[in-house]
Each structure stands twice: as structure tokens, then as C-alpha cells.
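S.K.: Got a structure for you, target_2.txt, holding compact mmCIF, C-alpha atoms.
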```txt
# COMPACT_ATOMS: atom_id res chain seq x y z
CA MET S 1 34.88 -11.23 51.49
CA SER S 2 31.34 -11.72 50.28
CA MET S 3 29.01 -9.33 48.62
CA SER S 4 25.27 -9.47 48.23
CA LEU S 5 22.95 -7.32 46.22
CA LYS S 6 19.23 -7.04 46.72
CA MET S 7 17.03 -5.24 44.24
CA ASP S 8 13.40 -4.64 44.89
CA GLY S 9 11.25 -4.59 41.81
CA LEU S 10 13.53 -6.61 39.54
CA GLU S 11 10.80 -9.15 38.88
CA GLN S 12 8.36 -6.35 38.06
CA LEU S 13 10.90 -4.82 35.67
CA GLN S 14 11.44 -8.17 33.96
CA GLY S 15 7.68 -8.60 33.65
CA LYS S 16 7.31 -5.15 32.07
CA LEU S 17 10.17 -5.86 29.64
CA LYS S 18 8.55 -9.15 28.66
CA LEU S 19 5.22 -7.39 28.04
CA MET S 20 7.03 -4.75 26.01
CA ARG S 21 8.81 -7.37 23.88
CA GLU S 22 5.57 -9.26 23.22
CA ALA S 23 3.78 -6.03 22.31
CA ALA S 24 6.63 -4.95 20.01
CA GLU S 25 6.63 -8.30 18.21
CA GLY S 26 2.88 -8.34 17.84
CA GLU S 27 0.34 -5.62 18.09
CA ALA S 28 2.63 -2.58 18.23
CA ALA S 29 4.41 -3.55 15.03
CA ARG S 30 1.18 -4.46 13.22
CA GLN S 31 -0.62 -1.27 14.22
CA GLY S 32 2.44 0.86 13.45
CA VAL S 33 2.90 -0.66 9.99
CA THR S 34 -0.80 -0.26 9.27
CA ALA S 35 -0.81 3.39 10.36
CA GLY S 36 2.29 4.18 8.29
CA GLY S 37 0.89 2.34 5.29
CA ASN S 38 -2.37 4.28 5.53
CA VAL S 39 -0.46 7.57 5.31
CA ILE S 40 1.08 6.44 2.01
CA ARG S 41 -2.28 5.05 0.82
CA ASP S 42 -3.97 8.39 1.47
CA ALA S 43 -1.23 10.24 -0.43
CA MET S 44 -1.63 7.86 -3.40
CA ARG S 45 -5.39 8.33 -3.37
CA SER S 46 -5.06 12.10 -3.33
CA GLU S 47 -2.66 12.02 -6.32
CA ALA S 48 -4.59 9.44 -8.35
CA PRO S 49 -6.14 10.84 -11.52
CA VAL S 50 -9.90 10.59 -11.95
CA LEU S 51 -11.50 10.14 -15.37
CA ASP S 52 -13.73 13.14 -16.06
CA GLU S 53 -16.22 11.35 -18.24
CA LYS S 54 -16.52 7.90 -19.76
CA THR S 55 -17.43 7.99 -23.45
CA ALA S 56 -19.73 5.55 -25.25
CA HIS S 57 -18.10 2.21 -26.10
CA SER S 58 -15.16 3.05 -23.85
CA THR S 59 -13.32 0.26 -22.08
CA ALA S 60 -11.93 2.67 -19.49
CA LEU S 61 -12.58 2.24 -15.79
CA GLU S 62 -15.51 4.05 -14.23
CA PRO S 63 -14.64 7.55 -12.94
CA GLY S 64 -13.04 7.24 -9.48
CA ALA S 65 -12.50 3.45 -9.70
CA LEU S 66 -8.69 3.69 -9.64
CA LYS S 67 -8.68 6.02 -6.64
CA ALA S 68 -11.19 3.86 -4.74
CA ASP S 69 -9.20 0.67 -5.36
CA ILE S 70 -5.99 1.91 -3.69
CA SER S 71 -5.67 0.14 -0.34
CA THR S 72 -3.31 -1.05 2.38
CA ARG S 73 -2.92 -4.77 3.11
CA VAL S 74 -0.78 -5.84 6.07
CA GLU S 75 0.68 -9.35 6.29
CA LYS S 76 3.07 -11.21 8.57
CA ASN S 77 5.37 -13.68 6.82
CA LYS S 78 6.68 -16.99 8.16
CA ASP S 79 9.75 -15.24 9.63
CA GLY S 80 7.56 -12.81 11.57
CA LEU S 81 8.25 -9.80 9.36
CA ILE S 82 5.22 -7.52 9.08
CA THR S 83 4.84 -5.84 5.70
CA ALA S 84 2.36 -3.35 4.28
CA PHE S 85 1.38 -3.73 0.63
CA ILE S 86 0.06 -0.41 -0.60
CA GLY S 87 -1.41 0.38 -3.98
CA PRO S 88 -4.14 -0.48 -6.45
CA GLY S 89 -5.86 -3.84 -6.14
CA LYS S 90 -6.00 -6.60 -8.75
CA ARG S 91 -8.99 -4.98 -10.44
CA THR S 92 -7.14 -1.77 -11.40
CA SER S 93 -3.41 -2.44 -11.03
CA HIS S 94 -2.84 -2.87 -14.77
CA VAL S 95 -4.50 0.48 -15.50
CA ALA S 96 -2.47 2.16 -12.74
CA LEU S 97 0.75 0.97 -14.40
CA TRP S 98 -0.41 2.27 -17.79
CA VAL S 99 -1.19 5.66 -16.25
CA GLU S 100 2.03 5.71 -14.21
CA ARG S 101 4.35 4.82 -17.10
CA GLY S 102 2.42 5.89 -20.20
CA HIS S 103 1.39 3.58 -23.03
CA LEU S 104 0.41 3.27 -26.67
CA LEU S 105 -3.26 3.57 -27.54
CA VAL S 106 -4.01 0.74 -29.99
CA LYS S 107 -7.17 0.56 -32.10
CA GLY S 108 -8.44 -2.51 -33.91
CA GLY S 109 -7.03 -5.98 -33.76
CA GLN S 110 -8.43 -9.06 -32.11
CA LEU S 111 -7.63 -9.73 -28.54
CA PRO S 112 -6.47 -13.32 -27.96
CA TRP S 113 -8.88 -13.94 -25.07
CA THR S 114 -12.03 -12.96 -26.99
CA ASN S 115 -12.15 -16.26 -28.92
CA GLY S 116 -13.12 -14.48 -32.11
CA LYS S 117 -16.34 -13.00 -30.70
CA ARG S 118 -15.36 -9.48 -31.70
CA LYS S 119 -15.21 -8.35 -35.31
CA ARG S 120 -11.79 -6.79 -35.00
CA SER S 121 -8.92 -8.75 -36.47
CA GLY S 122 -5.23 -8.36 -37.05
CA ALA S 123 -2.61 -6.86 -34.83
CA GLY S 124 -4.22 -3.42 -34.48
CA ARG S 125 -2.47 -0.11 -34.95
CA ALA S 126 -1.08 2.42 -32.54
CA VAL S 127 -2.98 5.67 -32.96
CA MET S 128 -1.22 7.72 -30.29
CA HIS S 129 1.10 7.62 -27.31
CA VAL S 130 -0.61 8.36 -24.01
CA PRO S 131 1.97 10.23 -21.89
CA ALA S 132 2.94 9.07 -18.42
CA HIS S 133 1.12 10.59 -15.47
CA PRO S 134 3.15 9.36 -12.48
CA PHE S 135 1.21 9.43 -9.23
CA LEU S 136 2.13 6.30 -7.25
CA ARG S 137 5.88 6.85 -6.92
CA PRO S 138 5.68 10.62 -6.28
CA ALA S 139 3.01 10.01 -3.61
CA TYR S 140 5.22 7.38 -1.96
CA ASP S 141 8.30 9.59 -2.08
CA GLY S 142 6.42 12.57 -0.69
CA SER S 143 4.76 10.72 2.19
CA ARG S 144 7.53 8.34 3.27
CA ARG S 145 8.79 10.46 6.17
CA ALA S 146 5.29 11.17 7.44
CA ALA S 147 4.56 7.43 7.27
CA LEU S 148 7.66 6.61 9.35
CA GLN S 149 6.64 9.25 11.90
CA GLU S 150 3.13 7.81 12.09
CA PHE S 151 4.57 4.30 12.48
CA ALA S 152 6.77 5.41 15.39
CA GLU S 153 4.00 7.33 17.17
CA THR S 154 1.50 4.49 16.84
CA ALA S 155 3.95 1.77 17.90
CA TRP S 156 5.09 3.80 20.93
CA ALA S 157 1.47 4.41 21.96
CA VAL S 158 0.77 0.68 21.89
CA LEU S 159 3.99 -0.08 23.84
CA ARG S 160 3.18 2.53 26.48
CA LYS S 161 -0.31 1.06 26.86
CA ALA S 162 1.14 -2.48 27.18
CA VAL S 163 3.42 -1.58 30.10
CA SER S 164 1.08 0.76 31.96
```
Any chance you could give the structure as C-alpha cells?

M.R.:
Amino acid sequence: MSMSLKMDGLEQLQGKLKLMREAAEGEAARQGVTAGGNVIRDAMRSEAPVLDEKTAHSTALEPGALKADISTRVEKNKDGLITAFIGPGKRTSHVALWVERGHLLVKGGQLPWTNGKRKRSGAGRAVMHVPAHPFLRPAYDGSRRAALQEFAETAWAVLRKAVS
């Protein structure tokens, strides 16, 4: 007894599945990760503190510099994993950590990288403790679900477009 099976459209289905796989590995994943990362970035920007006014001789960042420097960078590693790096850039990341965790305010002392050009000397003294003002972690925690939802919606939109 022999049996045969004929399916019309199997090649078309395989073609669509191949397109879907290629889209999922490439553009759908990249666009989804970017969209999800941008949701978290926007939440961090909205929570970032802004300096009201910069005083004379202050070494603080310009008002709004920390908020403006928060960005999303998407990279694909050698194993094909696409990752979003979200947060302050190199220019302001050290200040963001000080604000996030709190720090000591130190006056006086000579900084090692000034090569003696400043008149301050010694180790300096702590004049006050600046309290923590967490904004990065709470923004991430509060926007994580919305970011996952945005990732899924964006990736599905790209996949649907790839197979249509």
C-alpha cells in the first residue's frame, strides 16, 4: 500500500518562513530593541534633575546637560545578540552616578591631573554630604513593561511587513 501527499503552497510557506526568520534575526530585532530602549531613555530624561542656576566659579554641568546627554545606543555583538545601552554618555556619566548615589562635597585640595596649576593643595575637606537623588533606576523600573510592550509591537510590525 502506498500513500502520497500533495500540498499546494508549501514552497510559498517555506519562503514566507525564511523571510520571517531573516527579518526576526535582523531588522525586526534591531527596530524592536531600539523602540523599547527609547521608551526607557524618555523615562530617564523625564526624571533627570535639571540644575536651576549655575553659580560663578561652579564646576557643575550646564543646566539641562545631564538630561540632554541621556541616549540609546544599539549594538549587535559577535554572537548576533542585539543590545540597547541606555543612559548618560561619557560626558556626563560620572555626574549622573554622583546624583544617583549621593556624594561628599569636597572643597580645597589639589587635583592630581591639574599638574599644580591651581593654588589649592592638600587633600581637601568634606564640607557636606549631597544626598542621593535616584532617577536612573526608578525610571528604568517604571518603564520596563512599557518598553517590552513597545519592543513586541515594533518587532511584530516589521515581521508582518516582511511576509506581506

S.K.: Measuring atom to atom with all atoms listed in the file, identify which of S:Lys67, S:Arg73, S:Arg30, S:Arg125 is nearest to Thr92 in chain S.

M.R.: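 Using all atoms listed in the file, the shortest distance to Thr92 in chain S belongs to S:Lys67.
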
S.K.: CA of Ala68 in chain S to CA of Arg41 in chain S: how many Å, to one decimal?

M.R.: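 It comes out at 10.6 Å.
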
S.K.: Find the distance between CA of Lys90 in chain S and CA of Glu62 in chain S and write it in Å to one decimal.

M.R.: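 These atoms are spaced 15.3 Å apart.
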
S.K.: Just to confirm, what's the straight-line distance from CA of Ala147 in chain S to CA of His133 in chain S in Å (one decimal)?

M.R.: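 Distance between the two atoms: 23.2 Å.
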
S.K.: Using all atoms listed in the file, can you tell me which of S:Thr154, S:Ser143, S:Met44, S:Leu104 comes closest to Val130 in chain S?

M.R.: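 Between S:Thr154, S:Ser143, S:Met44, S:Leu104, the residue approaching Val130 in chain S most closely is S:Leu104.
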
S.K.: Nearest to Phe151 in chain S: which of S:Asn77, S:Ala84, S:Gln14, S:Val99 is it, counting all atoms listed in the file?

M.R.: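 Smallest distance to Phe151 in chain S is found for S:Ala84.
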
S.K.: Dump as an NGL selection string all residues having an atom at most 8 Å from (-0.6, 2.2, 5.9), computed in the file's coordinates with all atoms listed in the file.

M.R.: :S and (33-41 or 72-73 or 84 or 86 or 147)

S.K.: Could you check the closest approach to Ile82 in chain S for each of S:Ala146, S:Ser164, S:Lys18, S:Gly26 and tell me which residue wins, using all atoms listed in the file?

M.R.: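 Result for the nearest residue to Ile82 in chain S: S:Gly26.
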
S.K.: Can you pull out the residues contacting Glu53 in chain S? Cut-off 10 Å, using all atoms listed in the file, and skip same-chain residues under 3 positions away; I want them as an mmCIF file with C-alpha atoms, keeping the file's coordinate frame.

M.R.:
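The result, written out as result.cif:
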```cif
data_model
loop_
_atom_site.group_PDB
_atom_site.id
_atom_site.type_symbol
_atom_site.label_atom_id
_atom_site.label_comp_id
_atom_site.auth_asym_id
_atom_site.auth_seq_id
_atom_site.Cartn_x
_atom_site.Cartn_y
_atom_site.Cartn_z
ATOM 1 C CA VAL S 50 -9.900 10.590 -11.950
ATOM 2 C CA ALA S 56 -19.730 5.550 -25.250
ATOM 3 C CA ALA S 60 -11.930 2.670 -19.490
ATOM 4 C CA GLU S 62 -15.510 4.050 -14.230
ATOM 5 C CA PRO S 63 -14.640 7.550 -12.940
#
```

S.K.: Show me, as AutoDock Vina command-line options, the centre and edge lengths in Å to one decimal of the axis-aligned box that covers every listed atom of range 60-64 of chain S with 8 Å on each side.

M.R.:
```
--center_x -13.7 --center_y 4.9 --center_z -14.5 --size_x 19.6 --size_y 21.3 --size_z 26.0
```

S.K.: Find the residues near Ala29 in chain S: any atom within 12 Å, counting all atoms listed in the file, skip ones fewer than 6 places away on the same chain, and give them as a CSV table (one decimal) with C-alpha atoms, keeping the file's coordinate frame.

M.R.:
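Result written to selection-v6.csv:
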```
chain,number,residue,atom,x,y,z
S,20,MET,CA,7.0,-4.8,26.0
S,21,ARG,CA,8.8,-7.4,23.9
S,22,GLU,CA,5.6,-9.3,23.2
S,23,ALA,CA,3.8,-6.0,22.3
S,35,ALA,CA,-0.8,3.4,10.4
S,36,GLY,CA,2.3,4.2,8.3
S,37,GLY,CA,0.9,2.3,5.3
S,74,VAL,CA,-0.8,-5.8,6.1
S,75,GLU,CA,0.7,-9.4,6.3
S,76,LYS,CA,3.1,-11.2,8.6
S,80,GLY,CA,7.6,-12.8,11.6
S,81,LEU,CA,8.2,-9.8,9.4
S,82,ILE,CA,5.2,-7.5,9.1
S,83,THR,CA,4.8,-5.8,5.7
S,84,ALA,CA,2.4,-3.4,4.3
S,150,GLU,CA,3.1,7.8,12.1
S,151,PHE,CA,4.6,4.3,12.5
S,152,ALA,CA,6.8,5.4,15.4
S,153,GLU,CA,4.0,7.3,17.2
S,154,THR,CA,1.5,4.5,16.8
S,155,ALA,CA,4.0,1.8,17.9
S,156,TRP,CA,5.1,3.8,20.9
S,157,ALA,CA,1.5,4.4,22.0
S,158,VAL,CA,0.8,0.7,21.9
S,159,LEU,CA,4.0,-0.1,23.8
```
